[in-house]
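Coordinates from final_31.pdb are shown below (PDB, C-alpha atoms).
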MODEL        1
ATOM      1  CA  MET A 162      15.314  26.202   8.612  1.00  0.00           C
ATOM      2  CA  ALA A 163      15.417  22.426   8.066  1.00  0.00           C
ATOM      3  CA  GLN A 164      14.368  20.257  10.968  1.00  0.00           C
ATOM      4  CA  ARG A 165      17.064  18.152  12.586  1.00  0.00           C
ATOM      5  CA  GLY A 166      16.659  15.498  15.227  1.00  0.00           C
ATOM      6  CA  SER A 167      17.695  12.106  16.553  1.00  0.00           C
ATOM      7  CA  GLU A 168      14.302  10.567  15.654  1.00  0.00           C
ATOM      8  CA  ALA A 169      14.831  11.014  11.917  1.00  0.00           C
ATOM      9  CA  ILE A 170      14.349   7.862   9.838  1.00  0.00           C
ATOM     10  CA  ILE A 171      15.651   9.781   6.790  1.00  0.00           C
ATOM     11  CA  GLY A 172      18.244  12.548   6.925  1.00  0.00           C
ATOM     12  CA  ILE A 173      19.177  14.580   3.856  1.00  0.00           C
ATOM     13  CA  ARG A 174      22.396  16.569   3.913  1.00  0.00           C
ATOM     14  CA  GLY A 175      23.702  18.947   1.245  1.00  0.00           C
ATOM     15  CA  LEU A 176      21.621  17.401  -1.562  1.00  0.00           C
ATOM     16  CA  ARG A 177      22.457  18.932  -4.905  1.00  0.00           C
ATOM     17  CA  LYS A 178      21.090  18.089  -8.362  1.00  0.00           C
ATOM     18  CA  SER A 179      21.240  19.782 -11.747  1.00  0.00           C
ATOM     19  CA  PHE A 180      19.714  18.782 -15.065  1.00  0.00           C
ATOM     20  CA  GLY A 181      21.916  20.386 -17.668  1.00  0.00           C
ATOM     21  CA  PRO A 182      22.310  24.066 -16.756  1.00  0.00           C
ATOM     22  CA  LYS A 183      19.247  24.045 -14.476  1.00  0.00           C
ATOM     23  CA  LEU A 184      20.013  23.722 -10.751  1.00  0.00           C
ATOM     24  CA  VAL A 185      16.986  21.993  -9.170  1.00  0.00           C
ATOM     25  CA  LEU A 186      18.211  21.095  -5.665  1.00  0.00           C
ATOM     26  CA  ASP A 187      20.804  23.349  -4.088  1.00  0.00           C
ATOM     27  CA  SER A 188      22.543  21.965  -0.957  1.00  0.00           C
ATOM     28  CA  LEU A 189      19.178  20.883   0.494  1.00  0.00           C
ATOM     29  CA  ASP A 190      18.997  19.745   4.147  1.00  0.00           C
ATOM     30  CA  LEU A 191      15.983  17.980   5.663  1.00  0.00           C
ATOM     31  CA  ASP A 192      15.148  15.452   8.391  1.00  0.00           C
ATOM     32  CA  ILE A 193      12.063  13.229   8.208  1.00  0.00           C
ATOM     33  CA  GLU A 194      10.855  12.102  11.609  1.00  0.00           C
ATOM     34  CA  ARG A 195       9.968   8.456  12.192  1.00  0.00           C
ATOM     35  CA  GLY A 196       6.243   7.715  12.323  1.00  0.00           C
ATOM     36  CA  LYS A 197       5.207  11.257  11.363  1.00  0.00           C
ATOM     37  CA  THR A 198       3.853  12.890   8.217  1.00  0.00           C
ATOM     38  CA  LEU A 199       6.078  15.481   6.573  1.00  0.00           C
ATOM     39  CA  VAL A 200       4.514  17.604   3.847  1.00  0.00           C
ATOM     40  CA  VAL A 201       6.805  19.333   1.351  1.00  0.00           C
ATOM     41  CA  ILE A 202       5.079  22.303  -0.255  1.00  0.00           C
ATOM     42  CA  GLY A 203       6.217  24.515  -3.094  1.00  0.00           C
ATOM     43  CA  ARG A 204       5.086  25.771  -6.452  1.00  0.00           C
ATOM     44  CA  SER A 205       4.786  23.460  -9.444  1.00  0.00           C
ATOM     45  CA  GLY A 206       8.176  22.668 -10.957  1.00  0.00           C
ATOM     46  CA  CYS A 207      10.186  23.605  -7.865  1.00  0.00           C
ATOM     47  CA  GLY A 208      11.726  20.126  -7.474  1.00  0.00           C
ATOM     48  CA  LYS A 209       9.338  18.344  -5.089  1.00  0.00           C
ATOM     49  CA  SER A 210       8.983  15.230  -7.258  1.00  0.00           C
ATOM     50  CA  VAL A 211      12.729  15.249  -7.951  1.00  0.00           C
ATOM     51  CA  LEU A 212      13.265  15.161  -4.181  1.00  0.00           C
ATOM     52  CA  LEU A 213      11.011  12.078  -3.908  1.00  0.00           C
ATOM     53  CA  LYS A 214      12.961  10.341  -6.677  1.00  0.00           C
ATOM     54  CA  HIS A 215      16.187  10.932  -4.758  1.00  0.00           C
ATOM     55  CA  ILE A 216      14.685   9.504  -1.567  1.00  0.00           C
ATOM     56  CA  THR A 217      13.731   6.290  -3.377  1.00  0.00           C
ATOM     57  CA  GLY A 218      17.051   6.076  -5.212  1.00  0.00           C
ATOM     58  CA  LEU A 219      15.516   6.530  -8.671  1.00  0.00           C
ATOM     59  CA  VAL A 220      17.769   9.556  -9.237  1.00  0.00           C
ATOM     60  CA  ARG A 221      21.358   9.915  -8.063  1.00  0.00           C
ATOM     61  CA  PRO A 222      22.429  13.291  -6.646  1.00  0.00           C
ATOM     62  CA  ASP A 223      25.359  15.307  -7.902  1.00  0.00           C
ATOM     63  CA  ALA A 224      26.422  15.782  -4.273  1.00  0.00           C
ATOM     64  CA  GLY A 225      25.176  15.209  -0.760  1.00  0.00           C
ATOM     65  CA  GLU A 226      23.934  12.374   1.460  1.00  0.00           C
ATOM     66  CA  ILE A 227      20.578  10.657   1.924  1.00  0.00           C
ATOM     67  CA  LEU A 228      20.655   8.683   5.160  1.00  0.00           C
ATOM     68  CA  PHE A 229      18.091   5.915   5.692  1.00  0.00           C
ATOM     69  CA  GLU A 230      18.333   4.374   9.149  1.00  0.00           C
ATOM     70  CA  GLY A 231      21.780   5.981   9.363  1.00  0.00           C
ATOM     71  CA  GLU A 232      23.147   4.537   6.099  1.00  0.00           C
ATOM     72  CA  ASP A 233      23.954   6.726   3.106  1.00  0.00           C
ATOM     73  CA  MET A 234      21.783   5.439   0.250  1.00  0.00           C
ATOM     74  CA  THR A 235      23.814   7.349  -2.326  1.00  0.00           C
ATOM     75  CA  ARG A 236      26.629   4.848  -1.719  1.00  0.00           C
ATOM     76  CA  PHE A 237      24.492   1.707  -2.109  1.00  0.00           C
ATOM     77  CA  ASP A 238      25.192  -0.640  -4.992  1.00  0.00           C
ATOM     78  CA  ARG A 239      22.288  -1.777  -7.175  1.00  0.00           C
ATOM     79  CA  LYS A 240      21.481  -4.841  -5.051  1.00  0.00           C
ATOM     80  CA  LYS A 241      21.417  -2.968  -1.757  1.00  0.00           C
ATOM     81  CA  LEU A 242      19.397  -0.137  -3.284  1.00  0.00           C
ATOM     82  CA  PHE A 243      16.816  -2.652  -4.481  1.00  0.00           C
ATOM     83  CA  GLN A 244      16.621  -4.156  -0.984  1.00  0.00           C
ATOM     84  CA  MET A 245      16.205  -0.707   0.533  1.00  0.00           C
ATOM     85  CA  ARG A 246      13.279   0.065  -1.766  1.00  0.00           C
ATOM     86  CA  MET A 247      11.345  -2.824  -0.210  1.00  0.00           C
ATOM     87  CA  HIS A 248      10.888  -0.556   2.816  1.00  0.00           C
ATOM     88  CA  PHE A 249       9.152   2.105   0.702  1.00  0.00           C
ATOM     89  CA  GLY A 250       5.691   2.405  -0.822  1.00  0.00           C
ATOM     90  CA  MET A 251       4.702   5.016  -3.376  1.00  0.00           C
ATOM     91  CA  LEU A 252       1.421   6.591  -4.430  1.00  0.00           C
ATOM     92  CA  PHE A 253       2.008   8.155  -7.831  1.00  0.00           C
ATOM     93  CA  GLN A 254       0.248  11.311  -8.961  1.00  0.00           C
ATOM     94  CA  SER A 255      -1.503   9.392 -11.766  1.00  0.00           C
ATOM     95  CA  SER A 256      -1.982   6.270  -9.559  1.00  0.00           C
ATOM     96  CA  ALA A 257       0.033   4.305 -12.203  1.00  0.00           C
ATOM     97  CA  LEU A 258      -2.322   1.330 -12.312  1.00  0.00           C
ATOM     98  CA  PHE A 259      -1.977  -1.252 -15.085  1.00  0.00           C
ATOM     99  CA  ASP A 260      -5.116  -1.125 -17.237  1.00  0.00           C
ATOM    100  CA  SER A 261      -4.679  -4.722 -18.412  1.00  0.00           C
ATOM    101  CA  MET A 262      -4.743  -6.023 -14.836  1.00  0.00           C
ATOM    102  CA  THR A 263      -7.709  -6.296 -12.502  1.00  0.00           C
ATOM    103  CA  VAL A 264      -7.806  -4.251  -9.324  1.00  0.00           C
ATOM    104  CA  GLY A 265      -6.799  -7.323  -7.330  1.00  0.00           C
ATOM    105  CA  GLU A 266      -3.890  -8.072  -9.654  1.00  0.00           C
ATOM    106  CA  ASN A 267      -2.665  -4.464  -9.378  1.00  0.00           C
ATOM    107  CA  VAL A 268      -2.615  -4.574  -5.584  1.00  0.00           C
ATOM    108  CA  ALA A 269      -1.068  -8.060  -5.589  1.00  0.00           C
ATOM    109  CA  LEU A 270       1.735  -7.119  -7.997  1.00  0.00           C
ATOM    110  CA  PRO A 271       4.433  -6.208  -5.420  1.00  0.00           C
ATOM    111  CA  LEU A 272       3.552  -9.281  -3.341  1.00  0.00           C
ATOM    112  CA  ARG A 273       3.924 -11.595  -6.340  1.00  0.00           C
ATOM    113  CA  LYS A 274       7.201 -10.001  -7.389  1.00  0.00           C
ATOM    114  CA  HIS A 275       8.877  -9.490  -4.033  1.00  0.00           C
ATOM    115  CA  SER A 276       7.490 -12.048  -1.582  1.00  0.00           C
ATOM    116  CA  THR A 277       7.167 -15.808  -1.202  1.00  0.00           C
ATOM    117  CA  MET A 278       3.514 -15.686  -0.165  1.00  0.00           C
ATOM    118  CA  SER A 279       1.101 -18.303  -1.419  1.00  0.00           C
ATOM    119  CA  GLU A 280      -1.803 -17.235  -3.629  1.00  0.00           C
ATOM    120  CA  GLU A 281      -4.120 -17.714  -0.658  1.00  0.00           C
ATOM    121  CA  GLU A 282      -1.983 -15.409   1.494  1.00  0.00           C
ATOM    122  CA  ILE A 283      -1.762 -12.846  -1.312  1.00  0.00           C
ATOM    123  CA  ALA A 284      -5.557 -12.847  -1.709  1.00  0.00           C
ATOM    124  CA  ARG A 285      -5.933 -12.273   2.035  1.00  0.00           C
ATOM    125  CA  VAL A 286      -3.548  -9.288   2.007  1.00  0.00           C
ATOM    126  CA  VAL A 287      -5.217  -7.799  -1.092  1.00  0.00           C
ATOM    127  CA  ASN A 288      -8.629  -8.009   0.578  1.00  0.00           C
ATOM    128  CA  GLU A 289      -7.210  -6.513   3.785  1.00  0.00           C
ATOM    129  CA  LYS A 290      -5.536  -3.544   2.066  1.00  0.00           C
ATOM    130  CA  LEU A 291      -8.539  -2.773  -0.135  1.00  0.00           C
ATOM    131  CA  GLU A 292     -10.780  -2.839   2.914  1.00  0.00           C
ATOM    132  CA  LEU A 293      -8.337  -0.507   4.655  1.00  0.00           C
ATOM    133  CA  VAL A 294      -8.839   2.110   1.924  1.00  0.00           C
ATOM    134  CA  GLY A 295     -12.611   1.665   1.919  1.00  0.00           C
ATOM    135  CA  LEU A 296     -12.975  -0.586  -1.124  1.00  0.00           C
ATOM    136  CA  THR A 297     -14.396  -4.086  -0.956  1.00  0.00           C
ATOM    137  CA  GLY A 298     -15.636  -6.418  -3.666  1.00  0.00           C
ATOM    138  CA  VAL A 299     -13.786  -4.683  -6.508  1.00  0.00           C
ATOM    139  CA  GLN A 300     -10.928  -7.162  -6.936  1.00  0.00           C
ATOM    140  CA  GLY A 301     -12.239  -8.506 -10.243  1.00  0.00           C
ATOM    141  CA  GLN A 302     -12.921  -5.134 -11.834  1.00  0.00           C
ATOM    142  CA  TYR A 303     -10.529  -3.140 -14.025  1.00  0.00           C
ATOM    143  CA  PRO A 304      -9.101   0.364 -13.459  1.00  0.00           C
ATOM    144  CA  ALA A 305     -11.086   1.731 -16.429  1.00  0.00           C
ATOM    145  CA  GLU A 306     -14.259   0.985 -14.475  1.00  0.00           C
ATOM    146  CA  MET A 307     -13.086   3.035 -11.486  1.00  0.00           C
ATOM    147  CA  SER A 308     -13.462   6.749 -10.741  1.00  0.00           C
ATOM    148  CA  GLY A 309     -10.404   8.946 -10.193  1.00  0.00           C
ATOM    149  CA  GLY A 310     -10.814   8.770  -6.427  1.00  0.00           C
ATOM    150  CA  MET A 311     -11.161   4.990  -6.485  1.00  0.00           C
ATOM    151  CA  LYS A 312      -7.994   4.704  -8.580  1.00  0.00           C
ATOM    152  CA  LYS A 313      -6.122   6.768  -5.990  1.00  0.00           C
ATOM    153  CA  ARG A 314      -7.327   4.451  -3.232  1.00  0.00           C
ATOM    154  CA  ILE A 315      -6.372   1.347  -5.224  1.00  0.00           C
ATOM    155  CA  GLY A 316      -2.925   2.842  -5.789  1.00  0.00           C
ATOM    156  CA  LEU A 317      -2.690   3.492  -2.060  1.00  0.00           C
ATOM    157  CA  ALA A 318      -3.679  -0.110  -1.257  1.00  0.00           C
ATOM    158  CA  ARG A 319      -0.877  -1.282  -3.545  1.00  0.00           C
ATOM    159  CA  ALA A 320       1.582   1.166  -1.956  1.00  0.00           C
ATOM    160  CA  VAL A 321       1.040  -0.368   1.508  1.00  0.00           C
ATOM    161  CA  ALA A 322       0.647  -3.986   0.388  1.00  0.00           C
ATOM    162  CA  MET A 323       4.098  -4.960   1.695  1.00  0.00           C
ATOM    163  CA  ASN A 324       3.765  -3.015   4.954  1.00  0.00           C
ATOM    164  CA  PRO A 325       6.476  -0.449   4.155  1.00  0.00           C
ATOM    165  CA  GLN A 326       8.193   1.719   6.734  1.00  0.00           C
ATOM    166  CA  VAL A 327       7.847   4.811   4.558  1.00  0.00           C
ATOM    167  CA  VAL A 328       5.058   5.823   2.162  1.00  0.00           C
ATOM    168  CA  LEU A 329       5.622   8.609  -0.349  1.00  0.00           C
ATOM    169  CA  TYR A 330       2.765  10.573  -1.908  1.00  0.00           C
ATOM    170  CA  ASP A 331       3.267  12.585  -5.097  1.00  0.00           C
ATOM    171  CA  GLU A 332       0.487  15.217  -5.317  1.00  0.00           C
ATOM    172  CA  PRO A 333      -2.116  12.808  -3.866  1.00  0.00           C
ATOM    173  CA  THR A 334      -5.131  15.141  -4.247  1.00  0.00           C
ATOM    174  CA  THR A 335      -4.428  16.422  -7.769  1.00  0.00           C
ATOM    175  CA  GLY A 336      -7.407  16.009 -10.081  1.00  0.00           C
ATOM    176  CA  LEU A 337      -9.873  15.170  -7.295  1.00  0.00           C
ATOM    177  CA  ASP A 338     -12.974  17.063  -6.235  1.00  0.00           C
ATOM    178  CA  PRO A 339     -12.831  18.603  -2.729  1.00  0.00           C
ATOM    179  CA  ILE A 340     -14.804  15.788  -1.103  1.00  0.00           C
ATOM    180  CA  MET A 341     -12.674  13.006  -2.577  1.00  0.00           C
ATOM    181  CA  ALA A 342      -9.523  15.001  -1.808  1.00  0.00           C
ATOM    182  CA  ASP A 343     -10.541  15.035   1.839  1.00  0.00           C
ATOM    183  CA  VAL A 344     -11.186  11.274   1.712  1.00  0.00           C
ATOM    184  CA  ILE A 345      -7.591  10.781   0.526  1.00  0.00           C
ATOM    185  CA  ASN A 346      -6.301  13.158   3.204  1.00  0.00           C
ATOM    186  CA  GLU A 347      -8.126  11.200   5.878  1.00  0.00           C
ATOM    187  CA  LEU A 348      -6.715   7.927   4.515  1.00  0.00           C
ATOM    188  CA  ILE A 349      -3.173   9.308   4.747  1.00  0.00           C
ATOM    189  CA  ARG A 350      -3.749  10.057   8.420  1.00  0.00           C
ATOM    190  CA  THR A 351      -5.462   6.700   9.038  1.00  0.00           C
ATOM    191  CA  LEU A 352      -2.641   4.697   7.449  1.00  0.00           C
ATOM    192  CA  GLN A 353      -0.035   6.631   9.421  1.00  0.00           C
ATOM    193  CA  ARG A 354      -1.910   5.830  12.623  1.00  0.00           C
ATOM    194  CA  GLU A 355      -2.864   2.193  11.957  1.00  0.00           C
ATOM    195  CA  LEU A 356       0.237   1.013  10.091  1.00  0.00           C
ATOM    196  CA  LYS A 357       2.727   3.208  12.032  1.00  0.00           C
ATOM    197  CA  VAL A 358       4.302   4.394   8.786  1.00  0.00           C
ATOM    198  CA  THR A 359       6.372   7.474   8.096  1.00  0.00           C
ATOM    199  CA  SER A 360       4.706   9.539   5.365  1.00  0.00           C
ATOM    200  CA  ILE A 361       6.225  12.045   2.955  1.00  0.00           C
ATOM    201  CA  VAL A 362       3.700  14.078   0.985  1.00  0.00           C
ATOM    202  CA  VAL A 363       4.635  16.521  -1.762  1.00  0.00           C
ATOM    203  CA  THR A 364       1.900  18.928  -2.794  1.00  0.00           C
ATOM    204  CA  HIS A 365       1.041  22.484  -3.750  1.00  0.00           C
ATOM    205  CA  ASP A 366      -2.398  22.025  -2.115  1.00  0.00           C
ATOM    206  CA  ILE A 367      -2.027  24.022   1.099  1.00  0.00           C
ATOM    207  CA  LYS A 368      -5.406  22.866   2.445  1.00  0.00           C
ATOM    208  CA  SER A 369      -4.244  19.266   2.152  1.00  0.00           C
ATOM    209  CA  ALA A 370      -0.892  20.157   3.724  1.00  0.00           C
ATOM    210  CA  TYR A 371      -2.604  21.585   6.806  1.00  0.00           C
ATOM    211  CA  ARG A 372      -4.906  18.559   6.985  1.00  0.00           C
ATOM    212  CA  VAL A 373      -2.322  15.765   6.918  1.00  0.00           C
ATOM    213  CA  GLY A 374       1.001  17.236   8.030  1.00  0.00           C
ATOM    214  CA  ASP A 375       2.693  16.901  11.395  1.00  0.00           C
ATOM    215  CA  ARG A 376       5.320  19.183   9.896  1.00  0.00           C
ATOM    216  CA  ILE A 377       5.352  21.264   6.717  1.00  0.00           C
ATOM    217  CA  ALA A 378       8.542  22.163   4.857  1.00  0.00           C
ATOM    218  CA  MET A 379       8.720  24.782   2.114  1.00  0.00           C
ATOM    219  CA  LEU A 380      10.927  24.057  -0.907  1.00  0.00           C
ATOM    220  CA  HIS A 381      11.978  27.225  -2.723  1.00  0.00           C
ATOM    221  CA  GLU A 382      14.848  27.843  -5.125  1.00  0.00           C
ATOM    222  CA  GLY A 383      16.302  24.406  -4.463  1.00  0.00           C
ATOM    223  CA  ARG A 384      16.367  24.597  -0.655  1.00  0.00           C
ATOM    224  CA  ILE A 385      14.126  24.020   2.329  1.00  0.00           C
ATOM    225  CA  ILE A 386      13.631  27.584   3.482  1.00  0.00           C
ATOM    226  CA  TYR A 387      11.241  26.819   6.344  1.00  0.00           C
ATOM    227  CA  SER A 388      10.021  23.855   8.398  1.00  0.00           C
ATOM    228  CA  GLY A 389       7.399  23.920  11.116  1.00  0.00           C
ATOM    229  CA  THR A 390       4.102  22.594  12.388  1.00  0.00           C
ATOM    230  CA  PRO A 391       0.913  23.569  10.538  1.00  0.00           C
ATOM    231  CA  ASP A 392       0.175  26.168  13.221  1.00  0.00           C
ATOM    232  CA  GLU A 393       3.682  27.611  12.898  1.00  0.00           C
ATOM    233  CA  VAL A 394       3.264  27.842   9.114  1.00  0.00           C
ATOM    234  CA  ARG A 395      -0.087  29.620   9.536  1.00  0.00           C
ATOM    235  CA  GLN A 396       1.546  32.167  11.839  1.00  0.00           C
ATOM    236  CA  SER A 397       4.813  32.578   9.908  1.00  0.00           C
ATOM    237  CA  ASP A 398       5.697  36.066   8.710  1.00  0.00           C
ATOM    238  CA  ASN A 399       8.167  34.704   6.130  1.00  0.00           C
ATOM    239  CA  PRO A 400       7.166  36.551   2.923  1.00  0.00           C
ATOM    240  CA  VAL A 401       7.663  33.490   0.705  1.00  0.00           C
ATOM    241  CA  ILE A 402       5.512  31.336   2.991  1.00  0.00           C
ATOM    242  CA  ARG A 403       2.832  34.027   3.220  1.00  0.00           C
ATOM    243  CA  GLN A 404       2.632  34.494  -0.545  1.00  0.00           C
ATOM    244  CA  PHE A 405       2.377  30.755  -1.180  1.00  0.00           C
ATOM    245  CA  VAL A 406      -0.207  29.859   1.467  1.00  0.00           C
ATOM    246  CA  GLU A 407      -2.332  32.897   0.572  1.00  0.00           C
ATOM    247  CA  GLY A 408      -2.029  32.221  -3.173  1.00  0.00           C
ATOM    248  CA  ARG A 409      -1.034  35.780  -4.081  1.00  0.00           C
ATOM    249  CA  ALA A 410       0.513  36.736  -7.426  1.00  0.00           C
ATOM    250  CA  GLU A 411       2.485  39.573  -5.853  1.00  0.00           C
ATOM    251  CA  GLY A 412       5.497  38.763  -3.708  1.00  0.00           C
ATOM    252  CA  PRO A 413       9.013  37.319  -3.797  1.00  0.00           C
ATOM    253  CA  ILE A 414       7.915  34.209  -5.773  1.00  0.00           C
ATOM    254  CA  LYS A 415       7.971  35.332  -9.398  1.00  0.00           C
ATOM    255  CA  PRO A 416       6.075  33.707 -12.302  1.00  0.00           C
ATOM    256  CA  ILE A 417       8.221  31.338 -14.358  1.00  0.00           C
TER     257      ILE A 417
ENDMDL
END

As structure tokens - that is how I would like this structure written.
Amino acid sequence: MAQRGSEAIIGIRGLRKSFGPKLVLDSLDLDIERGKTLVVIGRSGCGKSVLLKHITGLVRPDAGEILFEGEDMTRFDRKKLFQMRMHFGMLFQSSALFDSMTVGENVALPLRKHSTMSEEEIARVVNEKLELVGLTGVQGQYPAEMSGGMKKRIGLARAVAMNPQVVLYDEPTTGLDPIMADVINELIRTLQRELKVTSIVVTHDIKSAYRVGDRIAMLHEGRIIYSGTPDEVRQSDNPVIRQFVEGRAEGPIKPI
């Protein structure tokens, strides 16, 4: 069952999206609580990233509402949608850094494009955000010189450069070794606590979901079939939940 509540910063109602004959989201309902971390789990290809793209307005739904601070984003014109996106930060699965730019230039990019800060102010914010993710003195280096974990942290520094209300994470631990994955998990919790942001994490990494989530929602066959705390998910007897969290081949989730 999807969570509902008055503290939701984002409320999704009846969200439906098809790509050609394939129905990806099927009348999906979900509330995202202000200042908390919601983790959306589900198998690869189930529509988790498509859900993120709807939340940021990069994809328009076929039907349904996406309420941000009580306003339906699906009705925004291009200008208002652009303004709304200023309240969001995004950590992409591949980090999406520009190889031709230094680390400092990558983190500074949203500030240069969307603020009136002076270069001195921008440099201060870049230093502050890189320090926040545990990286100092790397501003003049290039992404090619960085490890995978460092690239993730640089991408995270850029995602929070403009102090967004909401940060979205698309498979944040993919491609990382277990130690670096836990570093990223800890950073997600630290940023939520220190910056007071709302976090939305999509992942199929159940260990990461337990580590960072205040609530975990399961996306299956286009709908949120379950939402609960990590402890509630651990104790759930829902057969779909059990198969997924235990990583079993046998069960109601069939191979594609």

Non-local contacts of A:Pro333 (9 Å; only C-alpha atoms; under 5 positions in same chain excluded) as a list in words: Leu252, Phe253, Gln254, Ser255, Ser256, Lys313, Ala342, Ile345, Asn346, Val362, Val363 and Thr364 of chain A

If you apply the PyMOL selection byres ((chain A and resi 377) around 12) to this file, what residues do you get, as a short mmCIF file (atom, residue, chain, number, x, y, z; two decimals) with C-alpha atoms, in the frame of the given file?
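This went into result-v3.cif:
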data_model
loop_
_atom_site.label_atom_id
_atom_site.label_comp_id
_atom_site.auth_asym_id
_atom_site.auth_seq_id
_atom_site.Cartn_x
_atom_site.Cartn_y
_atom_site.Cartn_z
CA MET A 162 15.31 26.20 8.61
CA ALA A 163 15.42 22.43 8.07
CA GLN A 164 14.37 20.26 10.97
CA LEU A 191 15.98 17.98 5.66
CA ASP A 192 15.15 15.45 8.39
CA ILE A 193 12.06 13.23 8.21
CA GLU A 194 10.86 12.10 11.61
CA LYS A 197 5.21 11.26 11.36
CA THR A 198 3.85 12.89 8.22
CA LEU A 199 6.08 15.48 6.57
CA VAL A 200 4.51 17.60 3.85
CA VAL A 201 6.80 19.33 1.35
CA ILE A 202 5.08 22.30 -0.26
CA GLY A 203 6.22 24.52 -3.09
CA SER A 360 4.71 9.54 5.36
CA ILE A 361 6.22 12.04 2.96
CA VAL A 362 3.70 14.08 0.98
CA VAL A 363 4.64 16.52 -1.76
CA THR A 364 1.90 18.93 -2.79
CA HIS A 365 1.04 22.48 -3.75
CA ASP A 366 -2.40 22.02 -2.12
CA ILE A 367 -2.03 24.02 1.10
CA LYS A 368 -5.41 22.87 2.44
CA SER A 369 -4.24 19.27 2.15
CA ALA A 370 -0.89 20.16 3.72
CA TYR A 371 -2.60 21.58 6.81
CA ARG A 372 -4.91 18.56 6.98
CA VAL A 373 -2.32 15.76 6.92
CA GLY A 374 1.00 17.24 8.03
CA ASP A 375 2.69 16.90 11.40
CA ARG A 376 5.32 19.18 9.90
CA ALA A 378 8.54 22.16 4.86
CA MET A 379 8.72 24.78 2.11
CA LEU A 380 10.93 24.06 -0.91
CA ILE A 385 14.13 24.02 2.33
CA ILE A 386 13.63 27.58 3.48
CA TYR A 387 11.24 26.82 6.34
CA SER A 388 10.02 23.86 8.40
CA GLY A 389 7.40 23.92 11.12
CA THR A 390 4.10 22.59 12.39
CA PRO A 391 0.91 23.57 10.54
CA ASP A 392 0.18 26.17 13.22
CA GLU A 393 3.68 27.61 12.90
CA VAL A 394 3.26 27.84 9.11
CA ARG A 395 -0.09 29.62 9.54
CA SER A 397 4.81 32.58 9.91
CA ILE A 402 5.51 31.34 2.99
CA VAL A 406 -0.21 29.86 1.47
#

Pick from A:Asn324, A:Leu242, A:Leu212, A:Glu332 nearest to A:Gln353, counting all atoms listed in the file: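 That would be A:Asn324, the residue with the smallest distance to A:Gln353.
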
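Here atom CA of A:Met262 is placed at a distance of 10.1 Å from atom CA of A:Gln300.
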
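The coordinates place atom CA of A:Arg350 at 27.2 Å from atom CA of A:Ala305.
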
Given all atoms listed in the file as the counted atoms, nearest of A:Pro413, A:Gly295, A:Gly301, A:Gly250 to A:Leu213: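 The closest residue to A:Leu213 is A:Gly250.
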
Write out as an mmCIF file with C-alpha atoms, in the frame of the given file each polymer residue whose atoms come within 10 Å of stretch 184-189 of chain A, counting all atoms listed in the file; drop sequence neighbours fewer than 6 positions from it.
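File produced: selection.cif:
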data_model
loop_
_atom_site.group_PDB
_atom_site.id
_atom_site.type_symbol
_atom_site.label_atom_id
_atom_site.label_comp_id
_atom_site.auth_asym_id
_atom_site.auth_seq_id
_atom_site.Cartn_x
_atom_site.Cartn_y
_atom_site.Cartn_z
ATOM 1 C CA ALA A 163 15.417 22.426 8.066
ATOM 2 C CA ILE A 173 19.177 14.580 3.856
ATOM 3 C CA ARG A 174 22.396 16.569 3.913
ATOM 4 C CA GLY A 175 23.702 18.947 1.245
ATOM 5 C CA LEU A 176 21.621 17.401 -1.562
ATOM 6 C CA ARG A 177 22.457 18.932 -4.905
ATOM 7 C CA LYS A 178 21.090 18.089 -8.362
ATOM 8 C CA GLY A 206 8.176 22.668 -10.957
ATOM 9 C CA CYS A 207 10.186 23.605 -7.865
ATOM 10 C CA GLY A 208 11.726 20.126 -7.474
ATOM 11 C CA LYS A 209 9.338 18.344 -5.089
ATOM 12 C CA VAL A 211 12.729 15.249 -7.951
ATOM 13 C CA LEU A 212 13.265 15.161 -4.181
ATOM 14 C CA PRO A 222 22.429 13.291 -6.646
ATOM 15 C CA ASP A 223 25.359 15.307 -7.902
ATOM 16 C CA ALA A 224 26.422 15.782 -4.273
ATOM 17 C CA GLY A 225 25.176 15.209 -0.760
ATOM 18 C CA GLU A 226 23.934 12.374 1.460
ATOM 19 C CA LEU A 380 10.927 24.057 -0.907
ATOM 20 C CA HIS A 381 11.978 27.225 -2.723
ATOM 21 C CA GLU A 382 14.848 27.843 -5.125
ATOM 22 C CA GLY A 383 16.302 24.406 -4.463
ATOM 23 C CA ARG A 384 16.367 24.597 -0.655
ATOM 24 C CA ILE A 385 14.126 24.020 2.329
ATOM 25 C CA ILE A 386 13.631 27.584 3.482
#

Explicit residue set for the PyMOL selection byres ((chain A and resi 260) around 7), as a ChimeraX atom specification: /A:258-259,261-262,303-305

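Ranking A:Ala269, A:Tyr330, A:Asp343, A:Ala257 by their shortest atom-to-atom distance to A:Lys312, with all atoms listed in the file included, puts A:Ala257 first.
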
Gap from atom CA of A:Met247 to atom CA of A:Gly172 - Å, one decimal: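 So the answer is 18.3 Å.
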
Selected residue, from A:Met251, A:Arg221, A:Pro400, A:Glu411, that lies nearest to A:Asp238 when counting all atoms listed in the file: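 With all atoms listed in the file as the atom set, the closest residue is A:Arg221.
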
Selection result of the PyMOL selection byres ((chain A and resi 218) around 10) on this file, as a PyMOL selection string: chain A and resi 212-217+219-222+227+234-235+237+239+242-243+245-246

Residue contacts of A:His275 (10 Å, all atoms listed in the file) excluding same-chain residues fewer than 2 positions away, as a VMD selection string: chain A and resid 244 247 270 to 273 277 to 278 323

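With all atoms listed in the file as the basis for measurement, A:Leu337 is the residue among A:Leu291, A:Leu337, A:Ala410, A:Val344 that approaches A:Ser308 most closely.
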
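If all atoms listed in the file are the atoms counted, then among A:Arg204, A:Lys241, A:Pro182, A:Gly309 the closest residue to A:Pro416 is A:Arg204.
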
Exercise: A:Leu293 partners within 12 Å, only C-alpha atoms, chain neighbours under 5 positions left out, as a ChimeraX atom specification: /A:286-288,314-315,317-319,321-322,347-349,351-353,355-356
